[in-house]
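Raw my_file_6.txt, compact mmCIF, C-alpha atoms:
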# COMPACT_ATOMS: atom_id res chain seq x y z
CA MET A 1 33.07 -192.74 -81.37
CA THR A 2 35.24 -189.60 -81.12
CA ALA A 3 33.21 -188.12 -83.96
CA ILE A 4 30.03 -188.55 -81.93
CA ILE A 5 31.63 -186.99 -78.85
CA ILE A 6 32.86 -184.00 -80.87
CA THR A 7 29.39 -183.56 -82.37
CA VAL A 8 27.78 -183.68 -78.93
CA ILE A 9 30.28 -181.11 -77.62
CA LEU A 10 29.62 -178.83 -80.58
CA LEU A 11 25.86 -179.20 -80.07
CA ALA A 12 26.28 -178.30 -76.41
CA ILE A 13 28.33 -175.23 -77.34
CA GLY A 14 25.69 -174.25 -79.88
CA PHE A 15 22.92 -174.76 -77.34
CA THR A 16 24.67 -172.73 -74.63
CA PHE A 17 26.20 -169.84 -76.57
CA GLY A 18 23.70 -169.70 -79.41
CA GLY A 19 20.79 -169.62 -77.00
CA LEU A 20 22.55 -167.01 -74.87
CA ALA A 21 23.29 -164.81 -77.89
CA GLU A 22 19.72 -165.11 -79.10
CA ARG A 23 18.15 -164.31 -75.72
CA ARG A 24 20.46 -161.34 -75.23
CA HIS A 25 19.79 -160.02 -78.69
CA ASN A 26 16.02 -160.38 -78.34
CA ALA A 27 16.07 -158.63 -74.97
CA SER A 28 18.07 -155.72 -76.36
CA LEU A 29 15.76 -155.52 -79.39
CA ASP A 30 12.66 -155.44 -77.16
CA GLU A 31 14.14 -152.66 -75.08
CA ARG A 32 15.27 -150.55 -78.06
CA GLU A 33 12.01 -151.04 -79.96
CA GLN A 34 10.07 -149.89 -76.92
CA ARG A 35 12.20 -146.76 -76.64
CA LEU A 36 12.09 -145.86 -80.33
CA ARG A 37 8.41 -146.49 -80.94
CA GLU A 38 7.49 -143.06 -79.55
CA ALA A 39 10.48 -141.17 -80.91
CA VAL A 40 10.46 -142.17 -84.56
CA MET A 41 7.52 -142.66 -86.87
CA MET A 42 8.45 -145.48 -89.19
CA THR A 43 6.58 -146.13 -92.42
CA GLN A 44 7.25 -147.72 -95.72
CA LEU A 45 5.20 -145.15 -97.61
CA LYS A 46 6.95 -144.24 -100.81
CA SER A 47 7.35 -140.63 -99.77
CA PHE A 48 5.74 -137.83 -97.80
CA PRO A 49 5.04 -135.49 -100.69
CA LEU A 50 2.89 -133.02 -98.77
CA VAL A 51 4.23 -133.30 -95.28
CA ASP A 52 5.37 -130.18 -93.40
CA VAL A 53 9.10 -130.45 -92.95
CA ASN A 54 11.10 -128.37 -90.53
CA GLY A 55 13.39 -127.09 -93.25
CA LYS A 56 15.89 -129.90 -92.69
CA GLU A 57 17.10 -131.75 -95.74
CA PRO A 58 15.94 -135.37 -95.85
CA GLU A 59 18.74 -137.91 -95.82
CA LEU A 60 19.32 -141.51 -96.78
CA LEU A 61 19.55 -143.87 -93.82
CA THR A 62 21.14 -147.27 -94.14
CA ALA A 63 21.65 -150.23 -91.86
CA GLU A 64 22.99 -153.71 -92.23
CA CYS A 65 23.30 -156.77 -90.08
CA VAL A 66 24.76 -160.22 -90.56
CA ILE A 67 23.83 -162.92 -88.06
CA SER A 68 25.29 -166.37 -88.00
CA SER A 69 23.57 -169.63 -87.29
CA ASP A 70 24.91 -171.74 -84.46
CA TYR A 71 25.79 -175.43 -84.58
CA LEU A 72 22.55 -176.57 -82.95
CA LYS A 73 20.37 -174.62 -85.35
CA THR A 74 22.32 -175.92 -88.33
CA PHE A 75 21.96 -179.45 -86.96
CA PHE A 76 18.19 -179.15 -86.53
CA ALA A 77 17.89 -177.59 -89.97
CA GLY A 78 19.76 -180.58 -91.37
CA ILE A 79 17.26 -182.96 -89.77
CA ARG A 80 14.39 -180.80 -90.98
CA LYS A 81 15.77 -181.06 -94.51
CA ILE A 82 15.14 -184.81 -94.43
CA PHE A 83 11.46 -184.50 -93.50
CA GLY A 84 10.74 -181.13 -95.04
CA GLY A 85 8.68 -178.35 -93.52
CA GLU A 86 9.22 -175.07 -91.80
CA MET A 87 12.78 -174.35 -90.68
CA ARG A 88 12.04 -172.55 -87.42
CA SER A 89 15.65 -172.32 -86.34
CA PHE A 90 16.74 -170.38 -89.41
CA GLN A 91 13.58 -168.33 -89.41
CA THR A 92 14.39 -166.84 -86.02
CA ILE A 93 17.80 -165.74 -87.30
CA LEU A 94 16.27 -163.90 -90.23
CA GLU A 95 13.68 -162.35 -87.95
CA ARG A 96 16.36 -161.10 -85.57
CA ALA A 97 18.42 -159.64 -88.43
CA ARG A 98 15.37 -157.82 -89.80
CA ARG A 99 14.39 -156.40 -86.42
CA GLU A 100 17.98 -155.35 -85.83
CA VAL A 101 18.23 -153.33 -89.05
CA MET A 102 14.84 -151.69 -88.42
CA VAL A 103 15.97 -150.64 -84.96
CA GLN A 104 19.29 -149.43 -86.39
CA LEU A 105 17.45 -147.31 -88.95
CA ALA A 106 15.34 -145.72 -86.22
CA GLU A 107 18.40 -145.13 -84.04
CA GLU A 108 20.32 -143.54 -86.89
CA ALA A 109 17.34 -141.33 -87.69
CA GLN A 110 17.13 -140.22 -84.08
CA ALA A 111 20.87 -139.56 -83.90
CA ARG A 112 20.69 -137.36 -86.99
CA GLY A 113 17.68 -135.46 -85.68
CA PHE A 114 14.86 -136.96 -87.74
CA ASN A 115 11.52 -137.99 -86.33
CA ALA A 116 9.99 -139.82 -89.29
CA ILE A 117 11.19 -142.45 -91.72
CA CYS A 118 9.63 -143.36 -95.02
CA ASN A 119 10.31 -145.85 -97.76
CA VAL A 120 11.90 -148.55 -95.65
CA ARG A 121 13.35 -151.23 -97.94
CA LEU A 122 14.76 -154.45 -96.58
CA GLU A 123 16.78 -156.78 -98.71
CA THR A 124 18.82 -159.90 -98.14
CA ALA A 125 22.43 -159.25 -99.00
CA GLN A 126 24.49 -161.81 -100.84
CA ILE A 127 27.85 -162.45 -99.25
CA GLY A 128 30.16 -165.23 -100.24
CA GLY A 129 27.64 -167.42 -102.00
CA LYS A 130 29.07 -170.90 -102.00
CA GLN A 131 31.09 -170.94 -98.82
CA LYS A 132 30.22 -174.37 -97.55
CA GLY A 133 28.33 -174.92 -94.34
CA VAL A 134 28.11 -171.26 -93.39
CA MET A 135 24.52 -170.26 -92.92
CA MET A 136 24.01 -166.62 -92.22
CA ALA A 137 21.27 -164.06 -92.50
CA ALA A 138 22.55 -160.88 -94.14
CA ILE A 139 20.00 -158.08 -94.29
CA GLN A 140 20.55 -154.59 -95.58
CA ALA A 141 18.06 -151.77 -95.30
CA ALA A 142 17.66 -148.30 -96.74
CA ALA A 143 15.17 -145.58 -95.87
CA THR A 144 14.74 -141.84 -95.96
CA GLY A 145 14.66 -139.77 -92.80
CA TYR A 146 12.47 -136.68 -92.50
CA ASP A 147 12.18 -134.09 -89.80
CA CYS A 148 8.45 -133.40 -89.58
CA LEU A 149 6.64 -130.85 -87.49
CA ASP A 150 6.18 -131.67 -83.82
CA GLU A 151 2.44 -132.32 -84.10
CA GLY A 152 3.38 -135.62 -85.63
CA LEU A 153 3.11 -137.06 -89.05
CA ILE A 154 -0.60 -137.75 -89.33
CA PRO A 155 -1.84 -134.26 -88.32
CA ALA A 156 0.83 -132.82 -90.60
CA LEU A 157 -0.44 -134.90 -93.48
CA THR A 158 -4.04 -133.92 -92.92
CA LYS A 159 -3.01 -130.29 -92.57
CA ALA A 160 -1.11 -130.55 -95.83
CA GLU A 161 -4.15 -132.21 -97.32
CA ARG A 162 -6.34 -129.28 -96.28
CA GLU A 163 -3.88 -126.84 -97.83
CA ALA A 164 -3.65 -128.92 -100.95
CA GLN A 165 -7.41 -128.98 -101.25
CA ALA A 166 -7.48 -125.21 -100.83
CA THR A 167 -5.02 -124.74 -103.66
CA GLY A 168 -6.79 -127.29 -105.83
CA ARG A 169 -3.97 -129.82 -105.87
CA TRP A 170 -6.03 -132.58 -104.27
CA GLN A 171 -9.13 -132.35 -106.42
CA GLN A 172 -9.22 -135.99 -107.46
CA ALA A 173 -9.04 -137.32 -103.92
CA GLU A 174 -12.33 -138.52 -102.49
CA PRO A 175 -13.25 -137.20 -99.06
CA SER A 176 -13.19 -140.68 -97.56
CA SER A 177 -9.90 -141.64 -99.21
CA ASN A 178 -6.87 -142.77 -97.30
CA PRO A 179 -4.96 -139.74 -95.96
CA TYR A 180 -1.70 -141.54 -96.63
CA GLU A 181 -2.37 -141.82 -100.31
CA PRO A 182 -0.55 -139.14 -102.30
CA PRO A 183 -2.46 -137.26 -105.01
CA ALA A 184 -2.50 -138.72 -108.52
CA GLU A 185 0.31 -136.49 -109.75
CA TYR A 186 2.67 -138.03 -107.20
CA ARG A 187 1.60 -141.59 -107.65
CA SER A 188 4.13 -143.80 -109.35
CA GLU A 189 3.30 -146.10 -112.22
CA SER A 190 4.40 -149.19 -110.35
CA MET B 191 23.84 -133.30 -102.21
CA ILE B 192 20.48 -134.72 -101.11
CA VAL B 193 20.48 -138.49 -101.45
CA VAL B 194 17.15 -140.19 -100.72
CA ASN B 195 15.47 -143.44 -101.67
CA THR B 196 12.08 -141.81 -102.23
CA GLU B 197 10.79 -140.66 -105.58
CA PHE B 198 10.07 -137.15 -104.36
CA VAL B 199 11.52 -134.91 -101.72
CA ALA B 200 9.07 -133.07 -99.49
CA GLY B 201 9.61 -129.33 -99.66
CA TYR B 202 11.41 -129.50 -103.00
CA GLU B 203 10.43 -129.78 -106.62
CA ILE B 204 12.29 -131.67 -109.30
CA VAL B 205 13.36 -129.05 -111.81
CA GLU B 206 15.40 -131.19 -114.15
CA VAL B 207 16.09 -134.92 -114.50
CA LYS B 208 19.69 -135.66 -115.37
CA GLY B 209 19.46 -139.42 -115.74
CA ILE B 210 20.57 -142.55 -113.99
CA VAL B 211 23.77 -142.61 -111.95
CA GLN B 212 25.44 -145.61 -110.41
CA GLY B 213 28.30 -146.72 -108.26
CA ASN B 214 29.53 -150.16 -107.42
CA THR B 215 32.26 -151.90 -105.52
CA VAL B 216 33.45 -155.44 -104.97
CA ARG B 217 34.96 -156.03 -101.58
CA ALA B 218 36.32 -158.91 -99.59
CA LYS B 219 37.43 -159.33 -96.02
CA HIS B 220 40.78 -160.92 -95.31
CA ALA B 221 40.91 -164.67 -94.80
CA GLY B 222 41.10 -164.26 -91.03
CA ARG B 223 37.59 -162.85 -91.01
CA ASP B 224 36.32 -165.80 -93.03
CA ILE B 225 37.89 -168.23 -90.58
CA ALA B 226 36.39 -166.28 -87.68
CA ALA B 227 33.02 -166.43 -89.43
CA SER B 228 33.16 -170.20 -89.72
CA PHE B 229 33.91 -170.43 -85.98
CA LYS B 230 31.03 -168.07 -85.30
CA ASN B 231 28.91 -170.64 -87.10
CA ILE B 232 29.30 -172.96 -84.11
CA VAL B 233 28.45 -170.49 -81.36
CA GLY B 234 26.08 -168.20 -83.26
CA GLY B 235 25.80 -164.45 -83.02
CA GLU B 236 26.43 -161.44 -85.18
CA LEU B 237 29.15 -161.68 -87.82
CA LYS B 238 30.62 -158.24 -87.20
CA GLY B 239 33.22 -158.61 -89.93
CA TYR B 240 30.61 -159.14 -92.60
CA THR B 241 28.41 -156.36 -91.26
CA GLU B 242 31.44 -154.06 -91.54
CA LEU B 243 32.05 -155.35 -95.05
CA LEU B 244 28.54 -154.33 -96.07
CA THR B 245 28.80 -150.91 -94.39
CA GLU B 246 32.12 -150.14 -96.07
CA SER B 247 30.90 -151.32 -99.47
CA ARG B 248 27.76 -149.27 -99.17
CA ARG B 249 29.70 -146.13 -98.28
CA GLU B 250 32.05 -146.69 -101.20
CA ALA B 251 29.26 -147.36 -103.71
CA VAL B 252 27.27 -144.32 -102.58
CA SER B 253 30.29 -142.03 -102.78
CA ARG B 254 30.98 -143.23 -106.33
CA MET B 255 27.36 -142.65 -107.25
CA VAL B 256 27.47 -139.15 -105.74
CA ALA B 257 30.64 -138.38 -107.72
CA ALA B 258 28.87 -139.42 -110.92
CA ALA B 259 25.91 -137.18 -110.08
CA GLU B 260 28.19 -134.23 -109.35
CA GLU B 261 29.79 -134.72 -112.74
CA LEU B 262 26.35 -134.37 -114.32
CA GLY B 263 25.76 -131.15 -112.39
CA ALA B 264 22.93 -132.56 -110.30
CA ASN B 265 22.25 -131.46 -106.73
CA ALA B 266 20.30 -134.51 -105.59
CA ILE B 267 19.83 -138.20 -106.23
CA VAL B 268 16.35 -139.64 -105.79
CA ASN B 269 14.98 -143.19 -105.77
CA VAL B 270 18.27 -144.77 -104.73
CA ARG B 271 18.31 -148.57 -104.74
CA PHE B 272 20.92 -151.02 -103.55
CA SER B 273 21.58 -154.52 -104.66
CA THR B 274 24.18 -157.06 -103.73
CA SER B 275 25.55 -160.13 -105.40
CA ALA B 276 27.96 -162.75 -104.18
CA ILE B 277 31.00 -162.97 -106.39
CA THR B 278 33.04 -165.63 -104.58
CA ALA B 279 33.22 -166.88 -101.01
CA GLY B 280 33.62 -163.96 -98.62
CA ALA B 281 33.36 -161.30 -101.34
CA SER B 282 30.37 -159.30 -102.35
CA GLU B 283 29.47 -156.73 -104.92
CA LEU B 284 27.37 -153.82 -103.78
CA TYR B 285 25.69 -151.79 -106.46
CA ALA B 286 23.94 -148.49 -105.80
CA TYR B 287 21.90 -146.72 -108.43
CA GLY B 288 19.56 -143.78 -108.52
CA THR B 289 18.31 -140.90 -110.62
CA ALA B 290 20.29 -137.68 -110.59
CA VAL B 291 18.06 -134.61 -110.55
CA ILE B 292 18.20 -130.90 -109.95
CA LEU B 293 15.93 -129.87 -107.09
CA GLY B 294 14.50 -126.44 -106.61
CA SER B 295 12.53 -125.33 -103.57
CA ALA B 296 8.79 -125.77 -104.04
CA SER B 297 7.03 -122.48 -104.69

Written form, structure tokens:
Amino acid sequence: MTAIIITVILLAIGFTFGGLAERRHNASLDEREQRLREAVMMTQLKSFPLVDVNGKEPELLTAECVISSDYLKTFFAGIRKIFGGEMRSFQTILERARREVMVQLAEEAQARGFNAICNVRLETAQIGGKQKGVMMAAIQAAATGYDCLDEGLIPALTKAEREAQATGRWQQAEPSSNPYEPPAEYRSES
Amino acid sequence: MIVVNTEFVAGYEIVEVKGIVQGNTVRAKHAGRDIAASFKNIVGGELKGYTELLTESRREAVSRMVAAAEELGANAIVNVRFSTSAITAGASELYAYGTAVILGSAS
């Protein structure tokens, strides 16, 4: 009987505080994403080989975030494990962690005076593998920050493309090809 | 030292490739943090202790990698990658590796 009461109390705590934490986090993410969308151009292009940089050295940007599950989510996931299917409750935690690191990357870029990010890599980090009953989403991210000319990344790329064509470096590119695609000499084998 | 995770650096040319450099670290938080984390598992929210753990490990691994590149006489590291592995409960290994190169400004 006491076991049931304790479980119910823990579920109530999970429902109250977990839900609160999630709503707060999502609200802050919405607000920060809105603010950063204009300020920082975020891509996962491998690099900007022909972009016009403002003479500022590009730098590595990193971010990490570890978010814990709450008791209610763990409980629902346990029930879900019996029937199988999509684990919505854990999925939202991973989603929040991913959004958080993306926003952190953009914020760090802005703080260091960059206006474009390329090669964003997200990865789940492994912390304390077999600690029992602790479900957490650990995400780490790395990217490279660039300070591009004010006209923005896409005009800068097309301008660079024009220059490259003039100097004969872009000969293989077809006129209708994707402006993001680097010329063959920059393309990696992967 | 320019450290980037792209294969090329805009505005620079790779003059010489020095080879792969790496840095790693295994770190753990004190038991108190682990206990706090298991409580956090009831109420939910960010596990700040573990986030810190990752940040510290990353800094350490990168600085070791940079030291290795400096030893080779490189002035930049390109294509940096990170990977983590869980060693035991509450401890993690962070491994950073990249290619040490000498960059010259593009003519």

What are the residues of chain B lining chain A at 6 Å or less? Count all atoms listed in the file, and put the answer as a VMD selection string. chain B and resid 193 to 196 200 231 to 237 241 274 to 276 278 to 282

Please dump the current selection as a PDB file, in the coordinates of the input; keep C-alpha atoms.
ATOM      1  CA  VAL B 193      20.480-138.490-101.450  1.00  0.00           C
ATOM      2  CA  VAL B 194      17.150-140.190-100.720  1.00  0.00           C
ATOM      3  CA  ASN B 195      15.470-143.440-101.670  1.00  0.00           C
ATOM      4  CA  THR B 196      12.080-141.810-102.230  1.00  0.00           C
ATOM      5  CA  ALA B 200       9.070-133.070 -99.490  1.00  0.00           C
ATOM      6  CA  ASN B 231      28.910-170.640 -87.100  1.00  0.00           C
ATOM      7  CA  ILE B 232      29.300-172.960 -84.110  1.00  0.00           C
ATOM      8  CA  VAL B 233      28.450-170.490 -81.360  1.00  0.00           C
ATOM      9  CA  GLY B 234      26.080-168.200 -83.260  1.00  0.00           C
ATOM     10  CA  GLY B 235      25.800-164.450 -83.020  1.00  0.00           C
ATOM     11  CA  GLU B 236      26.430-161.440 -85.180  1.00  0.00           C
ATOM     12  CA  LEU B 237      29.150-161.680 -87.820  1.00  0.00           C
ATOM     13  CA  THR B 241      28.410-156.360 -91.260  1.00  0.00           C
ATOM     14  CA  THR B 274      24.180-157.060-103.730  1.00  0.00           C
ATOM     15  CA  SER B 275      25.550-160.130-105.400  1.00  0.00           C
ATOM     16  CA  ALA B 276      27.960-162.750-104.180  1.00  0.00           C
ATOM     17  CA  THR B 278      33.040-165.630-104.580  1.00  0.00           C
ATOM     18  CA  ALA B 279      33.220-166.880-101.010  1.00  0.00           C
ATOM     19  CA  GLY B 280      33.620-163.960 -98.620  1.00  0.00           C
ATOM     20  CA  ALA B 281      33.360-161.300-101.340  1.00  0.00           C
ATOM     21  CA  SER B 282      30.370-159.300-102.350  1.00  0.00           C
TER      22      SER B 282
END

All residues 7 Å or closer to B:Ser295, only C-alpha atoms, same chain fewer than 5 positions away omitted, as number ranges by chain: B: 201-203

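Rounded to one decimal, atom CA of B:Ala258 and atom CA of A:Asp147 lie 27.4 Å from each other.
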
Selected residue of minimal separation from B:Lys238 among B:Arg271, B:Lys219, B:Arg254, B:Lys208, counting all atoms listed in the file: B:Lys219

Could you check which residues have any atom within 12 Å of (23.4, -129.8, -113.2), counting all atoms listed in the file with coordinates taken straight from the file, and then list them as a PyMOL selection string? chain B and resi 191+204-209+258-267+290-294

Atom CA of B:Ala218 sits from atom CA of B:Leu284 at a separation of 11.1 Å

Final N, CA and C atoms of stretch 244-279 of chain B as an mmCIF file, keeping the file's coordinate frame:
data_model
loop_
_atom_site.group_PDB
_atom_site.id
_atom_site.type_symbol
_atom_site.label_atom_id
_atom_site.label_comp_id
_atom_site.auth_asym_id
_atom_site.auth_seq_id
_atom_site.Cartn_x
_atom_site.Cartn_y
_atom_site.Cartn_z
ATOM 1 N N LEU B 244 29.692 -154.929 -95.396
ATOM 2 C CA LEU B 244 28.540 -154.330 -96.070
ATOM 3 C C LEU B 244 28.512 -152.812 -95.887
ATOM 4 N N THR B 245 28.815 -152.362 -94.657
ATOM 5 C CA THR B 245 28.800 -150.910 -94.390
ATOM 6 C C THR B 245 29.826 -150.194 -95.252
ATOM 7 N N GLU B 246 31.053 -150.757 -95.275
ATOM 8 C CA GLU B 246 32.120 -150.140 -96.070
ATOM 9 C C GLU B 246 31.744 -150.110 -97.546
ATOM 10 N N SER B 247 31.235 -151.246 -98.047
ATOM 11 C CA SER B 247 30.900 -151.320 -99.470
ATOM 12 C C SER B 247 29.823 -150.304 -99.808
ATOM 13 N N ARG B 248 28.864 -150.184 -98.910
ATOM 14 C CA ARG B 248 27.760 -149.270 -99.170
ATOM 15 C C ARG B 248 28.277 -147.839 -99.246
ATOM 16 N N ARG B 249 29.141 -147.483 -98.307
ATOM 17 C CA ARG B 249 29.700 -146.130 -98.280
ATOM 18 C C ARG B 249 30.441 -145.850 -99.583
ATOM 19 N N GLU B 250 31.245 -146.829 -99.988
ATOM 20 C CA GLU B 250 32.050 -146.690 -101.200
ATOM 21 C C GLU B 250 31.146 -146.517 -102.424
ATOM 22 N N ALA B 251 30.147 -147.387 -102.548
ATOM 23 C CA ALA B 251 29.260 -147.360 -103.710
ATOM 24 C C ALA B 251 28.491 -146.041 -103.768
ATOM 25 N N VAL B 252 28.019 -145.583 -102.614
ATOM 26 C CA VAL B 252 27.270 -144.320 -102.580
ATOM 27 C C VAL B 252 28.168 -143.162 -102.963
ATOM 28 N N SER B 253 29.420 -143.153 -102.467
ATOM 29 C CA SER B 253 30.290 -142.030 -102.780
ATOM 30 C C SER B 253 30.627 -142.007 -104.274
ATOM 31 N N ARG B 254 30.738 -143.193 -104.881
ATOM 32 C CA ARG B 254 30.980 -143.230 -106.330
ATOM 33 C C ARG B 254 29.763 -142.720 -107.094
ATOM 34 N N MET B 255 28.591 -143.100 -106.604
ATOM 35 C CA MET B 255 27.360 -142.650 -107.250
ATOM 36 C C MET B 255 27.232 -141.128 -107.141
ATOM 37 N N VAL B 256 27.550 -140.593 -105.963
ATOM 38 C CA VAL B 256 27.470 -139.150 -105.740
ATOM 39 C C VAL B 256 28.455 -138.419 -106.659
ATOM 40 N N ALA B 257 29.651 -138.994 -106.829
ATOM 41 C CA ALA B 257 30.640 -138.380 -107.720
ATOM 42 C C ALA B 257 30.113 -138.316 -109.147
ATOM 43 N N ALA B 258 29.444 -139.390 -109.571
ATOM 44 C CA ALA B 258 28.870 -139.420 -110.920
ATOM 45 C C ALA B 258 27.790 -138.363 -111.071
ATOM 46 N N ALA B 259 26.986 -138.176 -110.027
ATOM 47 C CA ALA B 259 25.910 -137.180 -110.080
ATOM 48 C C ALA B 259 26.482 -135.769 -110.114
ATOM 49 N N GLU B 260 27.564 -135.559 -109.357
ATOM 50 C CA GLU B 260 28.190 -134.230 -109.350
ATOM 51 C C GLU B 260 28.742 -133.894 -110.730
ATOM 52 N N GLU B 261 29.263 -134.915 -111.395
ATOM 53 C CA GLU B 261 29.790 -134.720 -112.740
ATOM 54 C C GLU B 261 28.688 -134.262 -113.695
ATOM 55 N N LEU B 262 27.474 -134.753 -113.467
ATOM 56 C CA LEU B 262 26.350 -134.370 -114.320
ATOM 57 C C LEU B 262 25.775 -133.004 -113.929
ATOM 58 N N GLY B 263 26.263 -132.448 -112.839
ATOM 59 C CA GLY B 263 25.760 -131.150 -112.390
ATOM 60 C C GLY B 263 24.457 -131.235 -111.617
ATOM 61 N N ALA B 264 24.164 -132.403 -111.059
ATOM 62 C CA ALA B 264 22.930 -132.560 -110.300
ATOM 63 C C ALA B 264 23.157 -132.132 -108.851
ATOM 64 N N ASN B 265 22.084 -131.780 -108.140
ATOM 65 C CA ASN B 265 22.250 -131.460 -106.730
ATOM 66 C C ASN B 265 21.524 -132.441 -105.819
ATOM 67 N N ALA B 266 20.959 -133.496 -106.414
ATOM 68 C CA ALA B 266 20.300 -134.510 -105.590
ATOM 69 C C ALA B 266 20.206 -135.817 -106.356
ATOM 70 N N ILE B 267 20.091 -136.898 -105.614
ATOM 71 C CA ILE B 267 19.830 -138.200 -106.230
ATOM 72 C C ILE B 267 18.575 -138.748 -105.563
ATOM 73 N N VAL B 268 17.583 -139.100 -106.355
ATOM 74 C CA VAL B 268 16.350 -139.640 -105.790
ATOM 75 C C VAL B 268 16.194 -141.110 -106.190
ATOM 76 N N ASN B 269 15.320 -141.797 -105.466
ATOM 77 C CA ASN B 269 14.980 -143.190 -105.770
ATOM 78 C C ASN B 269 16.203 -144.110 -105.788
ATOM 79 N N VAL B 270 17.058 -143.953 -104.799
ATOM 80 C CA VAL B 270 18.270 -144.770 -104.730
ATOM 81 C C VAL B 270 17.924 -146.207 -104.357
ATOM 82 N N ARG B 271 18.508 -147.147 -105.053
ATOM 83 C CA ARG B 271 18.310 -148.570 -104.740
ATOM 84 C C ARG B 271 19.670 -149.238 -104.572
ATOM 85 N N PHE B 272 19.686 -150.255 -103.736
ATOM 86 C CA PHE B 272 20.920 -151.020 -103.550
ATOM 87 C C PHE B 272 20.679 -152.464 -103.944
ATOM 88 N N SER B 273 21.699 -153.083 -104.493
ATOM 89 C CA SER B 273 21.580 -154.520 -104.660
ATOM 90 C C SER B 273 22.944 -155.160 -104.464
ATOM 91 N N THR B 274 22.914 -156.381 -104.002
ATOM 92 C CA THR B 274 24.180 -157.060 -103.730
ATOM 93 C C THR B 274 24.217 -158.364 -104.511
ATOM 94 N N SER B 275 25.415 -158.796 -104.822
ATOM 95 C CA SER B 275 25.550 -160.130 -105.400
ATOM 96 C C SER B 275 26.820 -160.752 -104.856
ATOM 97 N N ALA B 276 26.796 -162.035 -104.692
ATOM 98 C CA ALA B 276 27.960 -162.750 -104.180
ATOM 99 C C ALA B 276 28.849 -163.121 -105.345
ATOM 100 N N ILE B 277 30.073 -162.684 -105.285
ATOM 101 C CA ILE B 277 31.000 -162.970 -106.390
ATOM 102 C C ILE B 277 31.698 -164.301 -106.115
ATOM 103 N N THR B 278 32.468 -164.358 -105.031
ATOM 104 C CA THR B 278 33.040 -165.630 -104.580
ATOM 105 C C THR B 278 32.857 -165.691 -103.074
ATOM 106 N N ALA B 279 33.344 -166.738 -102.463
ATOM 107 C CA ALA B 279 33.220 -166.880 -101.010
ATOM 108 C C ALA B 279 33.849 -165.688 -100.306
#
